[in-house]
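I have placed the structure first, in the form of structure tokens, so that the comments after it can refer back to it.
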Amino acid sequence: MTQPPSKRHLQTRIVHPEDQLTPGFESFSVPVTRASTVVFPDLATMRALDWRNDAQWRYGLHATPTSLLLAQRLAALEGGQHALLQPSGLASISNVYFGLVKAGDDVLIPDNVYSPNRDHGDWLAQDFGLSVRYYDPMIGADIAGLIQPNTRLIWLEAPGSVTMEVPDVEAITAVARAHNIITAIDNTWSAGLAFRPFEHGVDISVQALTKYQSGGSDVLMGATITADHALHLKLKMARMHMGLGVSSDDCSLVLRSLPSMKLRFEQHDRSALAIAKWLKTRPEIAAVLHPALPDCPGHAFFKRDFTGAGGLFSVVFEGRYSAAQIDRFCESLALFALGWSWGGADSLAMPYDIAGMRTAGQWPHRGTLVRFYIGLEDEADLRADIEQSLAALG
Ligand SMILES: *Cc1c(COP(=O)(O)O)cnc(C)c1O
């Protein structure tokens with residue numbers, strides 16, 4: 001006979017408390033369900049579990065009510081049907097590779113891709129028997145000329161998050177569809193707000209939730225979003241094998257920031273566009289690479305396909321300035337911090353030597369590129385800060 005709870009030893013009663021959560025309590029916030037073990041009412045329930053069923057709880061690594069809700073909200077936001085969460089944006093990229101390609105397959109990657117994606121591709125080519133080739137991001141329908149019988153996956157990034165070329169997404173996805181090749185886009189720049197990938201023939205959208213979705217520069221997380229269920233399951237299987245999970249605490253931080261994301265994005269967009277237009281008038285600047293401005297390759301595709309731009313853009317300095325001078329320019333900014341990532345409240349600046357990062361084409365500029373992330377500070381103060389730093393350039 002089962003021992004009545006009141007007769008158990010203290011240590012057992014500490015582990016098995018008899019209290020109950022307050023019934024009938026509701027709030028706007030999503031409860032944080034921390035869990036490694038998921039407990040089953042009986043073994044028949046456990047044995048009937050099907051990993052394909054997103055609504056079943058198996059183990060905390062795979063999903064909790066908190067993480068599942070975030071995934072569902074992200075899929076809805078971007079116009080997809082399914083989403084999986086990974087512990088970083090780069091882990092989402094890795095999940096796409098390991099879910100879809102194997103030794104002998106060929107992958108096409110835009111030459112301006114987020115550089116850890118490039119490093120990941122090179123690693124797979126070097127150690128895992130894949131073929132990885134880079135294409136000019138402005139290639140458009142001519143990507144047909146690069147397709148091989150073993151081409152399985154085409155990456156896109158719209159725009160490239162450092163050099164800002166906006167690809168003709170529909171031209172590339174049309175070729176991919178005609179050849180039964182899966183397309184995955186790194187859609188982090190637009191946060192899934194300003195560009196709707198599933199309306200342009202893309203199969204998988206990757207988001208670094210670390211950026212605008214978190215909004216606080218304090219969470220690392222990523223997502224893969226899909227419209228097709230079979231594709232979702234391929235990614236889900238790889239995610240399970242790789243042991244990629246997220247903490248419900250981190251999910252709750254992203255859930256807290258999500259309702260303000262569009263308003264933040266629009267404010268970043270207003271300030272960034274105003275500063276980009278002003279920089280265009282400065283004699284120190286050779287080119288402003290902001291997709292909403294005509295200097296930017298693919299500006300026409302931006303106008304056709306995008307509804308906004310957010311806070312991230314780049315400029316190319318005149319070739320007369322040395323890399324060391326541009327380093328000093330970045331370091332003498334007071335309101336712009338030097339650091340990776342973006343999407344939070346604080347402005348950032350970072351110099352890049354692009355020529356050394358390209359293999360599929362020639363980078364057309366001589367001067368150093370500086371990427372700006374325009375935060376939520378007052379735009380006039382940010383402009384004054386850049387102005388004083390430009391003045392120090394001499
Ligand atoms: C930041 C970023 C990622 C990776 O996100 P992490 O969470 O930092 O790994 C991927 N793609 C782009 C375009 C990014 O900016």
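Each chain in the structure tokens gets a letter, A, B and so on, in the order shown; residues start at 1 in every chain, and ligands are counted from 1 in the order they appear.
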Self-check item: Site check for ligand 1: residues at most 6 Å away, only C-alpha atoms and all ligand atoms, as a list in words
Solution: Ser88, Gly89, Leu90, Tyr114, Ser161, Asp186, Thr188, Ala208, Thr210, Leu220, Met221, Gly222 and Ser341 of chain A
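Omitting segment 358-364 of chain A and its sequence neighbours fewer than 3 positions away, and counting only C-alpha atoms, the residues within 10 Å are A:Ile109, A:Pro110, A:Asp111, A:Asn112, A:Val113, A:Arg133, A:Tyr134, A:Tyr135, A:Asp136, A:Pro137, A:Thr163, A:Ile354, A:Ala355, A:Gly367.
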Could you turn the residues from that selection into a file that holds all heavy atoms, as a compact mmCIF listing (two decimals), in the first residue's frame?
```txt
# COMPACT_ATOMS: atom_id res chain seq x y z
N ILE A 109 26.83 29.69 -51.45
CA ILE A 109 26.80 30.69 -50.37
C ILE A 109 27.13 32.05 -50.97
O ILE A 109 28.10 32.16 -51.74
CB ILE A 109 27.84 30.33 -49.28
CG1 ILE A 109 27.59 28.93 -48.73
CG2 ILE A 109 27.84 31.37 -48.16
CD1 ILE A 109 28.64 28.46 -47.73
N PRO A 110 26.38 33.10 -50.61
CA PRO A 110 26.74 34.42 -51.15
C PRO A 110 28.07 34.90 -50.57
O PRO A 110 28.37 34.67 -49.39
CB PRO A 110 25.58 35.32 -50.70
CG PRO A 110 24.93 34.62 -49.57
CD PRO A 110 25.18 33.15 -49.76
N ASP A 111 28.83 35.58 -51.41
CA ASP A 111 30.19 35.99 -51.03
C ASP A 111 30.20 36.99 -49.87
O ASP A 111 31.21 37.18 -49.23
CB ASP A 111 30.87 36.61 -52.27
CG ASP A 111 32.37 36.46 -52.27
OD1 ASP A 111 32.89 35.61 -51.51
OD2 ASP A 111 33.04 37.19 -53.03
N ASN A 112 29.05 37.64 -49.62
CA ASN A 112 28.98 38.66 -48.56
C ASN A 112 28.33 38.10 -47.30
O ASN A 112 27.88 38.85 -46.45
CB ASN A 112 28.17 39.87 -49.05
CG ASN A 112 26.74 39.49 -49.43
OD1 ASN A 112 26.41 38.31 -49.49
ND2 ASN A 112 25.91 40.49 -49.66
N VAL A 113 28.27 36.77 -47.18
CA VAL A 113 27.51 36.16 -46.08
C VAL A 113 28.16 36.50 -44.73
O VAL A 113 29.36 36.78 -44.64
CB VAL A 113 27.43 34.63 -46.30
CG1 VAL A 113 28.71 33.93 -45.83
CG2 VAL A 113 26.21 34.02 -45.62
N ARG A 133 30.62 26.46 -52.53
CA ARG A 133 31.08 27.48 -53.50
C ARG A 133 30.40 28.81 -53.19
O ARG A 133 29.27 28.84 -52.71
CB ARG A 133 30.76 27.00 -54.92
CG ARG A 133 31.59 25.76 -55.32
CD ARG A 133 31.23 25.26 -56.70
NE ARG A 133 29.84 24.83 -56.76
CZ ARG A 133 29.04 25.00 -57.81
NH1 ARG A 133 29.49 25.58 -58.91
NH2 ARG A 133 27.79 24.59 -57.78
N TYR A 134 31.10 29.88 -53.48
CA TYR A 134 30.60 31.22 -53.18
C TYR A 134 30.15 31.92 -54.46
O TYR A 134 30.77 31.75 -55.51
CB TYR A 134 31.70 32.03 -52.47
CG TYR A 134 31.99 31.43 -51.12
CD1 TYR A 134 32.99 30.48 -50.95
CD2 TYR A 134 31.20 31.75 -50.03
CE1 TYR A 134 33.21 29.88 -49.73
CE2 TYR A 134 31.41 31.16 -48.80
CZ TYR A 134 32.41 30.23 -48.65
OH TYR A 134 32.62 29.62 -47.44
N TYR A 135 29.04 32.66 -54.35
CA TYR A 135 28.54 33.38 -55.53
C TYR A 135 28.43 34.87 -55.23
O TYR A 135 28.26 35.28 -54.07
CB TYR A 135 27.21 32.79 -56.00
CG TYR A 135 26.03 32.96 -55.06
CD1 TYR A 135 25.22 34.11 -55.12
CD2 TYR A 135 25.70 31.97 -54.13
CE1 TYR A 135 24.13 34.26 -54.28
CE2 TYR A 135 24.61 32.13 -53.28
CZ TYR A 135 23.82 33.27 -53.36
OH TYR A 135 22.74 33.45 -52.53
N ASP A 136 28.53 35.66 -56.29
CA ASP A 136 28.34 37.10 -56.21
C ASP A 136 26.91 37.36 -55.75
O ASP A 136 25.96 36.89 -56.38
CB ASP A 136 28.58 37.69 -57.62
CG ASP A 136 28.33 39.19 -57.68
OD1 ASP A 136 27.69 39.75 -56.76
OD2 ASP A 136 28.76 39.79 -58.68
N PRO A 137 26.72 38.09 -54.64
CA PRO A 137 25.36 38.28 -54.11
C PRO A 137 24.40 38.94 -55.12
O PRO A 137 23.20 38.79 -55.00
CB PRO A 137 25.55 39.17 -52.88
CG PRO A 137 26.93 39.73 -53.00
CD PRO A 137 27.73 38.74 -53.79
N THR A 163 28.30 44.41 -45.88
CA THR A 163 28.46 45.20 -47.11
C THR A 163 27.13 45.58 -47.75
O THR A 163 27.11 46.36 -48.70
CB THR A 163 29.35 44.46 -48.11
OG1 THR A 163 28.91 43.10 -48.19
CG2 THR A 163 30.80 44.50 -47.65
N ILE A 354 37.32 44.56 -46.17
CA ILE A 354 36.47 43.65 -46.94
C ILE A 354 37.25 42.87 -48.00
O ILE A 354 36.96 41.70 -48.24
CB ILE A 354 35.32 44.43 -47.63
CG1 ILE A 354 34.51 45.19 -46.59
CG2 ILE A 354 34.43 43.48 -48.43
CD1 ILE A 354 33.86 44.32 -45.55
N ALA A 355 38.24 43.53 -48.61
CA ALA A 355 38.92 42.88 -49.74
C ALA A 355 39.39 41.47 -49.36
O ALA A 355 39.24 40.52 -50.13
CB ALA A 355 40.09 43.73 -50.20
N GLY A 367 38.67 52.36 -50.00
CA GLY A 367 38.72 52.84 -48.62
C GLY A 367 38.21 51.79 -47.63
O GLY A 367 37.65 50.75 -48.01
```
Quiz item: Would you give me, as number ranges by chain, the residues in segment 147-377 of chain A that DSSP reads as helix (DSSP H, G or I)?
Solution: A: 169-178, 197-200, 229-242, 248-280, 299-305, 323-331, 355-357
Exercise. Taking the DSSP assignment computed from this structure's backbone, write out as a PyMOL selection string all residues of segment 43-292 of chain A that belong to strand (DSSP E).
Key: chain A and resi 82-86+106-110+131-135+151-157+182-186+204-208+222-226+285-289
Quiz item: Ala35 of chain A: which residues within 9 Å, counting only C-alpha atoms, same-chain residues fewer than 4 positions away excluded, as a VMD selection string?
Solution: chain A and resid 59 to 61 63 to 64 247 to 248
Just the residues within 10 Å of segment 167-179 of chain A, please, counting only C-alpha atoms, with nothing from its chain fewer than 3 positions along; format it as a tab-separated table (two decimals) with N, CA, C and O atoms, in the first residue's frame.
```
chain	number	residue	atom	x	y	z
A	110	PRO	N	26.38	33.10	-50.61
A	110	PRO	CA	26.74	34.42	-51.15
A	110	PRO	C	28.07	34.90	-50.57
A	110	PRO	O	28.37	34.67	-49.39
A	136	ASP	N	28.53	35.66	-56.29
A	136	ASP	CA	28.34	37.10	-56.21
A	136	ASP	C	26.91	37.36	-55.75
A	136	ASP	O	25.96	36.89	-56.38
A	137	PRO	N	26.72	38.09	-54.64
A	137	PRO	CA	25.36	38.28	-54.11
A	137	PRO	C	24.40	38.94	-55.12
A	137	PRO	O	23.20	38.79	-55.00
A	138	MET	N	24.94	39.64	-56.13
A	138	MET	CA	24.09	40.29	-57.12
A	138	MET	C	23.85	39.40	-58.34
A	138	MET	O	23.40	39.87	-59.38
A	139	ILE	N	24.12	38.11	-58.22
A	139	ILE	CA	24.08	37.21	-59.39
A	139	ILE	C	22.68	37.06	-59.98
A	139	ILE	O	22.52	36.85	-61.18
A	140	GLY	N	21.64	37.13	-59.16
A	140	GLY	CA	20.26	37.00	-59.64
A	140	GLY	C	20.03	35.67	-60.35
A	140	GLY	O	20.54	34.62	-59.91
A	141	ALA	N	19.29	35.72	-61.47
A	141	ALA	CA	18.91	34.48	-62.18
A	141	ALA	C	20.12	33.75	-62.75
A	141	ALA	O	20.04	32.56	-63.04
A	142	ASP	N	21.25	34.44	-62.88
A	142	ASP	CA	22.44	33.77	-63.42
A	142	ASP	C	22.98	32.69	-62.48
A	142	ASP	O	23.89	31.95	-62.84
A	143	ILE	N	22.40	32.59	-61.30
A	143	ILE	CA	22.82	31.51	-60.41
A	143	ILE	C	22.54	30.15	-61.07
A	143	ILE	O	23.16	29.14	-60.71
A	144	ALA	N	21.65	30.14	-62.05
A	144	ALA	CA	21.36	28.90	-62.79
A	144	ALA	C	22.65	28.30	-63.36
A	144	ALA	O	22.80	27.07	-63.40
A	145	GLY	N	23.59	29.15	-63.74
A	145	GLY	CA	24.85	28.67	-64.32
A	145	GLY	C	25.75	27.98	-63.31
A	145	GLY	O	26.73	27.33	-63.70
A	147	ILE	N	24.45	25.89	-60.86
A	147	ILE	CA	23.79	24.70	-60.31
A	147	ILE	C	24.44	23.42	-60.86
A	147	ILE	O	24.67	23.29	-62.05
A	148	GLN	N	24.74	22.50	-59.94
A	148	GLN	CA	25.27	21.18	-60.31
A	148	GLN	C	24.23	20.13	-59.90
A	148	GLN	O	23.37	20.42	-59.07
A	149	PRO	N	24.35	18.91	-60.45
A	149	PRO	CA	23.39	17.87	-60.05
A	149	PRO	C	23.38	17.63	-58.54
A	149	PRO	O	22.37	17.22	-57.98
A	151	THR	N	23.90	19.96	-56.17
A	151	THR	CA	23.62	21.17	-55.38
A	151	THR	C	22.33	20.96	-54.59
A	151	THR	O	21.28	20.66	-55.16
A	152	ARG	N	22.45	21.08	-53.26
A	152	ARG	CA	21.31	20.76	-52.38
A	152	ARG	C	20.77	21.97	-51.64
A	152	ARG	O	19.61	21.99	-51.22
A	153	LEU	N	21.61	22.97	-51.43
A	153	LEU	CA	21.23	24.09	-50.56
A	153	LEU	C	21.83	25.38	-51.10
A	153	LEU	O	23.01	25.40	-51.47
A	154	ILE	N	21.00	26.42	-51.16
A	154	ILE	CA	21.50	27.76	-51.51
A	154	ILE	C	21.20	28.68	-50.34
A	154	ILE	O	20.04	28.81	-49.91
A	155	TRP	N	22.24	29.29	-49.80
A	155	TRP	CA	22.08	30.31	-48.76
A	155	TRP	C	21.85	31.68	-49.40
A	155	TRP	O	22.40	31.98	-50.46
A	156	LEU	N	21.05	32.50	-48.73
A	156	LEU	CA	20.92	33.91	-49.09
A	156	LEU	C	21.05	34.72	-47.81
A	156	LEU	O	20.80	34.23	-46.71
A	157	GLU	N	21.41	35.99	-47.97
A	157	GLU	CA	21.37	36.92	-46.85
A	157	GLU	C	20.89	38.24	-47.46
A	157	GLU	O	21.44	38.68	-48.47
A	158	ALA	N	19.88	38.83	-46.85
A	158	ALA	CA	19.25	39.99	-47.50
A	158	ALA	C	19.04	41.12	-46.50
A	158	ALA	O	18.13	41.04	-45.70
A	159	PRO	N	19.84	42.18	-46.59
A	159	PRO	CA	21.10	42.29	-47.34
A	159	PRO	C	22.23	41.63	-46.56
A	159	PRO	O	22.05	41.24	-45.42
A	160	GLY	N	23.40	41.52	-47.19
A	160	GLY	CA	24.59	41.07	-46.47
A	160	GLY	C	24.82	42.03	-45.31
A	160	GLY	O	24.78	43.25	-45.51
A	164	MET	N	26.02	45.01	-47.27
A	164	MET	CA	24.68	45.52	-47.52
A	164	MET	C	24.11	45.32	-48.93
A	164	MET	O	23.07	45.90	-49.25
A	182	ILE	N	16.84	23.48	-51.92
A	182	ILE	CA	16.30	24.23	-50.78
A	182	ILE	C	17.05	25.55	-50.61
A	182	ILE	O	18.27	25.61	-50.79
A	183	THR	N	16.31	26.61	-50.30
A	183	THR	CA	16.92	27.90	-50.03
A	183	THR	C	16.74	28.26	-48.56
A	183	THR	O	15.67	28.06	-47.98
A	184	ALA	N	17.81	28.81	-47.97
A	184	ALA	CA	17.76	29.29	-46.59
A	184	ALA	C	18.27	30.72	-46.58
A	184	ALA	O	19.32	31.01	-47.16
A	185	ILE	N	17.54	31.60	-45.94
A	185	ILE	CA	17.96	33.00	-45.89
A	185	ILE	C	18.32	33.37	-44.45
A	185	ILE	O	17.62	32.98	-43.51
A	197	PRO	N	10.20	36.50	-46.09
A	197	PRO	CA	10.86	35.57	-47.01
A	197	PRO	C	9.93	34.56	-47.67
A	197	PRO	O	10.15	34.18	-48.82
A	199	GLU	N	7.04	34.91	-48.76
A	199	GLU	CA	6.32	35.50	-49.90
A	199	GLU	C	7.22	35.63	-51.12
A	199	GLU	O	6.78	36.07	-52.17
A	200	HIS	N	8.51	35.29	-50.95
A	200	HIS	CA	9.47	35.43	-52.05
A	200	HIS	C	10.13	34.10	-52.38
A	200	HIS	O	11.23	34.07	-52.93
A	201	GLY	N	9.46	33.02	-52.03
A	201	GLY	CA	9.91	31.70	-52.46
A	201	GLY	C	11.00	31.05	-51.61
A	201	GLY	O	11.54	30.02	-51.99
A	202	VAL	N	11.33	31.65	-50.45
A	202	VAL	CA	12.38	31.09	-49.59
A	202	VAL	C	11.79	29.94	-48.76
A	202	VAL	O	10.64	29.99	-48.33
A	203	ASP	N	12.61	28.89	-48.52
A	203	ASP	CA	12.14	27.74	-47.75
A	203	ASP	C	12.39	27.86	-46.25
A	203	ASP	O	11.59	27.40	-45.44
A	297	PRO	N	24.31	48.58	-53.69
A	297	PRO	CA	23.94	47.59	-54.72
A	297	PRO	C	22.65	46.86	-54.32
A	297	PRO	O	22.52	46.43	-53.17
A	298	GLY	N	21.73	46.75	-55.27
A	298	GLY	CA	20.46	46.09	-54.98
A	298	GLY	C	19.41	47.02	-54.40
A	298	GLY	O	18.35	46.56	-53.94
A	299	HIS	N	19.69	48.33	-54.42
A	299	HIS	CA	18.71	49.31	-53.92
A	299	HIS	C	17.32	49.09	-54.57
A	299	HIS	O	16.29	49.19	-53.90
A	300	ALA	N	17.31	48.75	-55.86
A	300	ALA	CA	16.03	48.55	-56.55
A	300	ALA	C	15.27	47.35	-55.96
A	300	ALA	O	14.04	47.38	-55.85
A	301	PHE	N	16.01	46.31	-55.57
A	301	PHE	CA	15.34	45.14	-54.96
A	301	PHE	C	14.84	45.48	-53.57
A	301	PHE	O	13.81	44.99	-53.12
A	302	PHE	N	15.60	46.33	-52.88
A	302	PHE	CA	15.13	46.80	-51.57
A	302	PHE	C	13.79	47.52	-51.73
A	302	PHE	O	12.83	47.25	-51.00
A	304	ARG	N	11.62	47.22	-54.03
A	304	ARG	CA	10.58	46.29	-54.48
A	304	ARG	C	10.09	45.38	-53.36
A	304	ARG	O	8.88	45.11	-53.25
A	305	ASP	N	11.02	44.93	-52.49
A	305	ASP	CA	10.71	43.81	-51.59
A	305	ASP	C	10.63	44.16	-50.11
A	305	ASP	O	10.12	43.36	-49.32
```
Practice problem: Do a neighbour search on Gly343 of chain A at 12 Å with only C-alpha atoms, toss out local chain neighbours closer than 6 positions, and write the hits as a PyMOL selection string. | Solution: chain A and resi 188-191+207-220+257+261-262+264-265+267-269+310-312+372-376
Practice problem: Considering only C-alpha atoms, state which residue in the set A:Gln72, A:Asn180, A:Ser389, A:Thr307 is at the smallest distance from Glu331 of chain A. | Solution: A:Ser389
